[in-house]
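Undergrad: File query-v3.pdb below, PDB, C-alpha atoms, pLDDT in the B column:
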ATOM      1  CA  MET I   1     124.333  99.139 110.307  1.00 89.00           C
ATOM      2  CA  ARG I   2     125.808  98.031 113.573  1.00 93.00           C
ATOM      3  CA  ALA I   3     126.710 101.084 115.673  1.00 96.00           C
ATOM      4  CA  LYS I   4     125.360 103.614 118.134  1.00 97.00           C
ATOM      5  CA  ALA I   5     124.137 106.839 116.540  1.00 97.00           C
ATOM      6  CA  ILE I   6     126.712 108.874 118.476  1.00 97.00           C
ATOM      7  CA  ASP I   7     129.525 106.700 117.105  1.00 97.00           C
ATOM      8  CA  THR I   8     128.317 106.794 113.495  1.00 97.00           C
ATOM      9  CA  SER I   9     129.938 109.069 110.963  1.00 97.00           C
ATOM     10  CA  ILE I  10     127.484 111.277 109.081  1.00 98.00           C
ATOM     11  CA  ASP I  11     128.945 109.774 105.893  1.00 97.00           C
ATOM     12  CA  VAL I  12     127.591 106.376 106.971  1.00 97.00           C
ATOM     13  CA  ASP I  13     124.151 107.869 107.650  1.00 97.00           C
ATOM     14  CA  ILE I  14     124.177 109.430 104.174  1.00 98.00           C
ATOM     15  CA  LYS I  15     125.347 106.230 102.486  1.00 97.00           C
ATOM     16  CA  ILE I  16     122.590 104.170 104.107  1.00 97.00           C
ATOM     17  CA  MET I  17     119.944 106.738 103.149  1.00 98.00           C
ATOM     18  CA  LEU I  18     121.267 106.833  99.577  1.00 98.00           C
ATOM     19  CA  VAL I  19     120.959 103.083  99.178  1.00 97.00           C
ATOM     20  CA  ASN I  20     117.845 102.259 101.200  1.00 97.00           C
ATOM     21  CA  TYR I  21     115.741 105.340 100.558  1.00 98.00           C
ATOM     22  CA  PHE I  22     116.957 107.396  97.615  1.00 98.00           C
ATOM     23  CA  GLY I  23     117.751 104.313  95.513  1.00 98.00           C
ATOM     24  CA  THR I  24     114.131 103.201  95.724  1.00 98.00           C
ATOM     25  CA  VAL I  25     112.808 106.724  95.190  1.00 98.00           C
ATOM     26  CA  ALA I  26     115.002 107.216  92.104  1.00 98.00           C
ATOM     27  CA  MET I  27     113.918 103.911  90.561  1.00 98.00           C
ATOM     28  CA  THR I  28     110.271 104.667  91.312  1.00 98.00           C
ATOM     29  CA  LYS I  29     110.487 108.081  89.671  1.00 98.00           C
ATOM     30  CA  ALA I  30     112.142 106.510  86.618  1.00 98.00           C
ATOM     31  CA  VAL I  31     109.309 104.022  85.983  1.00 98.00           C
ATOM     32  CA  LEU I  32     106.302 105.894  87.344  1.00 98.00           C
ATOM     33  CA  PRO I  33     105.582 108.160  84.340  1.00 98.00           C
ATOM     34  CA  SER I  34     105.124 105.179  81.996  1.00 98.00           C
ATOM     35  CA  MET I  35     102.861 103.435  84.521  1.00 98.00           C
ATOM     36  CA  ILE I  36     100.711 106.526  84.870  1.00 98.00           C
ATOM     37  CA  LYS I  37     100.538 106.898  81.100  1.00 98.00           C
ATOM     38  CA  ARG I  38      99.408 103.247  80.735  1.00 98.00           C
ATOM     39  CA  LYS I  39      97.085 103.630  83.742  1.00 98.00           C
ATOM     40  CA  GLU I  40      98.439 100.430  85.284  1.00 97.00           C
ATOM     41  CA  GLY I  41     101.401  99.169  87.233  1.00 98.00           C
ATOM     42  CA  ARG I  42     102.714  98.301  90.640  1.00 98.00           C
ATOM     43  CA  ILE I  43     105.553  99.755  92.645  1.00 98.00           C
ATOM     44  CA  LEU I  44     106.954  97.100  94.995  1.00 98.00           C
ATOM     45  CA  CYS I  45     109.232  98.385  97.747  1.00 98.00           C
ATOM     46  CA  ILE I  46     111.166  96.389 100.302  1.00 97.00           C
ATOM     47  CA  GLY I  47     111.095  98.057 103.674  1.00 97.00           C
ATOM     48  CA  SER I  48     111.811  96.396 106.986  1.00 96.00           C
ATOM     49  CA  VAL I  49     110.229  95.557 110.301  1.00 95.00           C
ATOM     50  CA  GLN I  50     112.759  98.107 111.542  1.00 93.00           C
ATOM     51  CA  GLY I  51     110.830 100.730 109.587  1.00 93.00           C
ATOM     52  CA  LYS I  52     107.913  99.952 111.913  1.00 93.00           C
ATOM     53  CA  PHE I  53     109.800 100.052 115.209  1.00 89.00           C
ATOM     54  CA  ALA I  54     113.355 100.863 116.156  1.00 86.00           C
ATOM     55  CA  ILE I  55     116.054  98.810 117.804  1.00 91.00           C
ATOM     56  CA  PRO I  56     119.435  99.935 119.158  1.00 95.00           C
ATOM     57  CA  HIS I  57     122.475 100.211 116.882  1.00 95.00           C
ATOM     58  CA  ARG I  58     120.365 100.602 113.741  1.00 94.00           C
ATOM     59  CA  SER I  59     119.555 104.337 113.765  1.00 96.00           C
ATOM     60  CA  ALA I  60     120.399 105.116 110.128  1.00 97.00           C
ATOM     61  CA  TYR I  61     118.968 101.829 108.878  1.00 96.00           C
ATOM     62  CA  GLY I  62     115.719 102.301 110.804  1.00 96.00           C
ATOM     63  CA  ALA I  63     115.480 105.916 109.657  1.00 97.00           C
ATOM     64  CA  SER I  64     115.946 104.924 106.021  1.00 98.00           C
ATOM     65  CA  LYS I  65     113.204 102.304 106.274  1.00 97.00           C
ATOM     66  CA  LYS I  66     110.850 104.694 108.122  1.00 97.00           C
ATOM     67  CA  ALA I  67     111.447 107.249 105.358  1.00 98.00           C
ATOM     68  CA  LEU I  68     110.570 104.595 102.783  1.00 98.00           C
ATOM     69  CA  GLN I  69     107.370 103.844 104.712  1.00 97.00           C
ATOM     70  CA  GLY I  70     106.370 107.506 104.516  1.00 98.00           C
ATOM     71  CA  PHE I  71     107.231 107.710 100.830  1.00 98.00           C
ATOM     72  CA  CYS I  72     105.137 104.640 100.011  1.00 98.00           C
ATOM     73  CA  ASP I  73     102.161 105.836 102.052  1.00 98.00           C
ATOM     74  CA  SER I  74     102.162 109.247 100.350  1.00 98.00           C
ATOM     75  CA  LEU I  75     102.823 107.856  96.878  1.00 98.00           C
ATOM     76  CA  ARG I  76     100.004 105.306  97.240  1.00 98.00           C
ATOM     77  CA  ALA I  77      97.532 108.124  97.877  1.00 97.00           C
ATOM     78  CA  GLU I  78      98.927 110.323  95.108  1.00 98.00           C
ATOM     79  CA  ILE I  79      98.745 107.752  92.308  1.00 98.00           C
ATOM     80  CA  ALA I  80      95.674 105.700  93.240  1.00 96.00           C
ATOM     81  CA  GLU I  81      93.559 107.527  90.640  1.00 98.00           C
ATOM     82  CA  HIS I  82      95.932 106.252  87.914  1.00 98.00           C
ATOM     83  CA  ASN I  83      95.401 102.571  88.780  1.00 98.00           C
ATOM     84  CA  VAL I  84      99.033 102.288  89.863  1.00 98.00           C
ATOM     85  CA  LYS I  85      99.419 100.310  93.078  1.00 98.00           C
ATOM     86  CA  VAL I  86     102.098 100.550  95.758  1.00 98.00           C
ATOM     87  CA  THR I  87     103.040  97.563  97.887  1.00 98.00           C
ATOM     88  CA  LEU I  88     105.493  97.865 100.754  1.00 98.00           C
ATOM     89  CA  ILE I  89     106.868  94.595 102.092  1.00 98.00           C
ATOM     90  CA  CYS I  90     108.445  94.812 105.546  1.00 97.00           C
ATOM     91  CA  PRO I  91     110.363  91.640 106.310  1.00 96.00           C
ATOM     92  CA  GLY I  92     111.958  90.787 109.610  1.00 93.00           C
ATOM     93  CA  TYR I  93     115.337  89.105 109.682  1.00 91.00           C
ATOM     94  CA  VAL I  94     116.058  87.130 106.528  1.00 94.00           C
ATOM     95  CA  ALA I  95     118.743  84.447 106.325  1.00 92.00           C
ATOM     96  CA  THR I  96     121.140  86.282 103.992  1.00 91.00           C
ATOM     97  CA  SER I  97     124.608  87.780 104.249  1.00 89.00           C
ATOM     98  CA  LEU I  98     123.164  91.160 105.261  1.00 87.00           C
ATOM     99  CA  SER I  99     124.893  91.337 108.625  1.00 89.00           C
ATOM    100  CA  LEU I 100     128.236  90.381 107.046  1.00 89.00           C
ATOM    101  CA  ASN I 101     127.938  93.414 104.782  1.00 88.00           C
ATOM    102  CA  ALA I 102     126.450  95.793 107.358  1.00 92.00           C
ATOM    103  CA  LEU I 103     128.382  98.966 108.081  1.00 92.00           C
ATOM    104  CA  THR I 104     129.964  99.971 111.349  1.00 89.00           C
ATOM    105  CA  GLY I 105     129.916 103.555 112.558  1.00 93.00           C
ATOM    106  CA  SER I 106     133.158 104.257 110.700  1.00 94.00           C
ATOM    107  CA  GLY I 107     131.841 102.780 107.456  1.00 93.00           C
ATOM    108  CA  SER I 108     133.856  99.581 107.541  1.00 91.00           C
ATOM    109  CA  SER I 109     132.223  96.210 106.989  1.00 91.00           C
ATOM    110  CA  TYR I 110     130.766  94.602 110.116  1.00 93.00           C
ATOM    111  CA  GLY I 111     131.881  91.202 108.846  1.00 90.00           C
ATOM    112  CA  GLU I 112     130.029  89.037 111.374  1.00 90.00           C
ATOM    113  CA  MET I 113     126.978  86.830 111.007  1.00 91.00           C
ATOM    114  CA  ASP I 114     124.373  87.849 113.565  1.00 88.00           C
ATOM    115  CA  ALA I 115     122.487  84.974 115.172  1.00 90.00           C
ATOM    116  CA  SER I 116     119.183  86.710 114.373  1.00 88.00           C
ATOM    117  CA  THR I 117     120.120  87.018 110.688  1.00 90.00           C
ATOM    118  CA  ALA I 118     121.428  83.461 110.473  1.00 91.00           C
ATOM    119  CA  SER I 119     118.190  82.102 111.923  1.00 89.00           C
ATOM    120  CA  GLY I 120     116.014  84.475 109.912  1.00 90.00           C
ATOM    121  CA  TYR I 121     113.295  83.866 107.381  1.00 91.00           C
ATOM    122  CA  ASP I 122     114.150  81.644 104.427  1.00 94.00           C
ATOM    123  CA  ARG I 123     114.630  83.920 101.397  1.00 94.00           C
ATOM    124  CA  PHE I 124     112.787  81.566  99.028  1.00 96.00           C
ATOM    125  CA  LYS I 125     109.799  81.394 101.377  1.00 96.00           C
ATOM    126  CA  LEU I 126     109.939  85.179 101.653  1.00 97.00           C
ATOM    127  CA  ALA I 127     109.851  85.505  97.851  1.00 97.00           C
ATOM    128  CA  GLN I 128     106.777  83.264  97.707  1.00 98.00           C
ATOM    129  CA  GLU I 129     105.012  85.289 100.388  1.00 97.00           C
ATOM    130  CA  ILE I 130     105.871  88.547  98.614  1.00 98.00           C
ATOM    131  CA  LEU I 131     104.316  87.199  95.423  1.00 98.00           C
ATOM    132  CA  GLN I 132     101.191  86.017  97.266  1.00 98.00           C
ATOM    133  CA  ASN I 133     100.759  89.429  98.870  1.00 98.00           C
ATOM    134  CA  VAL I 134     101.227  91.277  95.584  1.00 98.00           C
ATOM    135  CA  LEU I 135      98.674  89.003  93.888  1.00 97.00           C
ATOM    136  CA  ALA I 136      96.296  89.663  96.791  1.00 98.00           C
ATOM    137  CA  ASP I 137      96.774  93.417  96.190  1.00 97.00           C
ATOM    138  CA  LYS I 138      98.088  94.077  99.709  1.00 98.00           C
ATOM    139  CA  LYS I 139      99.384  97.543 100.474  1.00 98.00           C
ATOM    140  CA  ASP I 140     101.630  97.210 103.509  1.00 97.00           C
ATOM    141  CA  VAL I 141     102.723  93.783 104.682  1.00 96.00           C
ATOM    142  CA  MET I 142     104.943  92.617 107.513  1.00 95.00           C
ATOM    143  CA  ILE I 143     106.514  89.238 106.823  1.00 95.00           C
ATOM    144  CA  ALA I 144     108.399  88.102 109.867  1.00 89.00           C
ATOM    145  CA  GLN I 145     108.701  85.447 112.475  1.00 83.00           C
ATOM    146  CA  ILE I 146     106.318  85.646 115.405  1.00 82.00           C
ATOM    147  CA  ALA I 147     108.513  87.671 117.821  1.00 78.00           C
ATOM    148  CA  PRO I 148     108.833  90.810 115.641  1.00 76.00           C
ATOM    149  CA  ARG I 149     105.134  90.702 114.736  1.00 78.00           C
ATOM    150  CA  LEU I 150     104.159  90.480 118.410  1.00 81.00           C
ATOM    151  CA  ALA I 151     106.570  93.289 119.288  1.00 78.00           C
ATOM    152  CA  TYR I 152     104.982  95.502 116.639  1.00 75.00           C
ATOM    153  CA  TYR I 153     101.408  94.874 117.701  1.00 77.00           C
TER     154      TYR I 153
END
Turn this file's structure into structure tokens for me.
TA:
Amino acid sequence: MRAKAIDTSIDVDIKIMLVNYFGTVAMTKAVLPSMIKRKEGRILCIGSVQGKFAIPHRSAYGASKKALQGFCDSLRAEIAEHNVKVTLICPGYVATSLSLNALTGSGSSYGEMDASTASGYDRFKLAQEILQNVLADKKDVMIAQIAPRLAYY
């Protein structure tokens, strides 16, 4: 998302929540019963540093990631007795085409590469760090360059 909240159509807010929040919730609910039955499993969710603190022009995106944070925190407590783990990974900017595909307030494609996205975390290094954190049984992990981590703390 790349727009002020006031300039963003409610349809864009809904679309972002459907993808970033409800997509993860739906998938989790689809696989959770079998994990509980087996008494083992792990739900791995990809949040965002922007679910930890907000920045301008990302209101719907930040809200969707904050909602995911709340879902993961509650779910973790609810299913702990079933030996099903929940890991939330909150990356900072990752060098992908995310900003090219971001939505404007009207719902059109942003179509520009942000400097922060272009210089973001290497996606292969991110994948390795995600795996390391899952194997270490971490619950809530921020994987980001130093500036976002300092801003959070």
Undergrad: Let me know the residues the PyMOL selection byres ((chain I and resi 106-109) around 12) catches in the file above, as a PDB file with C-alpha atoms, in the coordinates of the input.
TA:
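Below is the file out_21.pdb, written as the result:
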ATOM      1  CA  MET I   1     124.333  99.139 110.307  1.00 89.00           C
ATOM      2  CA  ARG I   2     125.808  98.031 113.573  1.00 93.00           C
ATOM      3  CA  ALA I   3     126.710 101.084 115.673  1.00 96.00           C
ATOM      4  CA  LYS I   4     125.360 103.614 118.134  1.00 97.00           C
ATOM      5  CA  ALA I   5     124.137 106.839 116.540  1.00 97.00           C
ATOM      6  CA  ILE I   6     126.712 108.874 118.476  1.00 97.00           C
ATOM      7  CA  ASP I   7     129.525 106.700 117.105  1.00 97.00           C
ATOM      8  CA  THR I   8     128.317 106.794 113.495  1.00 97.00           C
ATOM      9  CA  SER I   9     129.938 109.069 110.963  1.00 97.00           C
ATOM     10  CA  ILE I  10     127.484 111.277 109.081  1.00 98.00           C
ATOM     11  CA  ASP I  11     128.945 109.774 105.893  1.00 97.00           C
ATOM     12  CA  VAL I  12     127.591 106.376 106.971  1.00 97.00           C
ATOM     13  CA  ASP I  13     124.151 107.869 107.650  1.00 97.00           C
ATOM     14  CA  ILE I  14     124.177 109.430 104.174  1.00 98.00           C
ATOM     15  CA  LYS I  15     125.347 106.230 102.486  1.00 97.00           C
ATOM     16  CA  ILE I  16     122.590 104.170 104.107  1.00 97.00           C
ATOM     17  CA  ALA I  60     120.399 105.116 110.128  1.00 97.00           C
ATOM     18  CA  SER I  97     124.608  87.780 104.249  1.00 89.00           C
ATOM     19  CA  LEU I  98     123.164  91.160 105.261  1.00 87.00           C
ATOM     20  CA  SER I  99     124.893  91.337 108.625  1.00 89.00           C
ATOM     21  CA  LEU I 100     128.236  90.381 107.046  1.00 89.00           C
ATOM     22  CA  ASN I 101     127.938  93.414 104.782  1.00 88.00           C
ATOM     23  CA  ALA I 102     126.450  95.793 107.358  1.00 92.00           C
ATOM     24  CA  LEU I 103     128.382  98.966 108.081  1.00 92.00           C
ATOM     25  CA  THR I 104     129.964  99.971 111.349  1.00 89.00           C
ATOM     26  CA  GLY I 105     129.916 103.555 112.558  1.00 93.00           C
ATOM     27  CA  TYR I 110     130.766  94.602 110.116  1.00 93.00           C
ATOM     28  CA  GLY I 111     131.881  91.202 108.846  1.00 90.00           C
ATOM     29  CA  GLU I 112     130.029  89.037 111.374  1.00 90.00           C
ATOM     30  CA  MET I 113     126.978  86.830 111.007  1.00 91.00           C
TER      31      MET I 113
END
Undergrad: Closest to Leu135 of chain I among I:Ala77, I:Leu44, I:Ala118, I:Ala67, using all atoms listed in the file?
TA: I:Leu44
Undergrad: With all atoms listed in the file as the basis for distance, which of I:Ser59, I:Thr87, I:Thr117, I:Gln132 is at the shortest distance from Ser74 of chain I?
TA: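 Using all atoms listed in the file, the shortest distance to Ser74 of chain I belongs to I:Thr87.
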Undergrad: Quick one: which residues end up in the PyMOL selection byres ((chain I and resi 22-24) around 12) for this structure, as a list in words?
TA: Ile14, Lys15, Ile16, Met17, Leu18, Val19, Asn20, Tyr21, Val25, Ala26, Met27, Thr28, Lys29, Ala30, Val31, Leu32, Ile43, Leu44, Cys45, Ile46, Gly47, Ser64, Lys65, Ala67, Leu68, Gln69, Phe71, Cys72 and Leu88 of chain I
Undergrad: Hey, which bits of segment 53-119 of chain I sit within 10 Å of segment 124-128 of chain I, and for each residue what's the closest pair of atoms and how far apart in Å (one decimal), counting all atoms listed in the file, rows by chain and increasing number, as a tab-separated table?
TA:
residue	atom	partner	partner_atom	distance
I:Ile89	CA	I:Leu126	CA	9.9
I:Pro91	CA	I:Leu126	CA	8.0
I:Gly92	CA	I:Leu126	CA	9.9
I:Val94	CA	I:Leu126	CA	8.1
I:Ala95	CA	I:Phe124	CA	9.8
Undergrad: Quick one: residues within 9 Å of Arg42 of chain I, all atoms listed in the file counted, chain neighbours fewer than 2 positions away excluded, as a CSV table (one decimal) with C-alpha atoms, in the coordinates of the input?
TA:
chain,number,residue,atom,x,y,z
I,35,MET,CA,102.9,103.4,84.5
I,40,GLU,CA,98.4,100.4,85.3
I,44,LEU,CA,107.0,97.1,95.0
I,83,ASN,CA,95.4,102.6,88.8
I,84,VAL,CA,99.0,102.3,89.9
I,85,LYS,CA,99.4,100.3,93.1
I,86,VAL,CA,102.1,100.6,95.8
I,87,THR,CA,103.0,97.6,97.9
I,134,VAL,CA,101.2,91.3,95.6
Undergrad: Nearest to Gln145 of chain I: which of I:Val49, I:Ile36, I:Leu75, I:Ala80 is it, counting all atoms listed in the file?
TA: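 Using all atoms listed in the file, the shortest distance to Gln145 of chain I belongs to I:Val49.
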Undergrad: Using all atoms listed in the file, which residue out of I:Ile79, I:Cys90, I:Ala147, I:Ala115 lies closest to Ser48 of chain I?
TA: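 Looking at the shortest contact to Ser48 of chain I, the residue is I:Cys90.
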Undergrad: One number please: atom CA of Lys52 of chain I to atom CA of Asp73 of chain I, in Å, one decimal.
TA: 12.8 Å
Undergrad: Expressed in Å to a single decimal, how great is the separation between atom CA of Tyr93 of chain I and atom CA of Arg123 of chain I?
TA: 9.8 Å
Undergrad: Report as lines of an AutoDock Vina configuration file the centre and the edge lengths, in Å to one decimal, of the axis-aligned box holding every listed atom of segment 62-68 of chain I, padded by 3 Å on each side.
TA:
center_x = 113.3
center_y = 104.8
center_z = 106.8
size_x = 11.4
size_y = 10.9
size_z = 14.0
Undergrad: Provide the atom CA of Ile143 of chain I to atom CA of Lys39 of chain I distance in Å, to one decimal place.
TA: 28.8 Å
Undergrad: Return the single residue from I:Asp122, I:Pro56, I:Gly51, I:Gly62 that is closest to Val141 of chain I, with distances computed using only C-alpha atoms.
TA: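 Residue with the minimum atom-to-atom distance to Val141 of chain I: I:Gly51.
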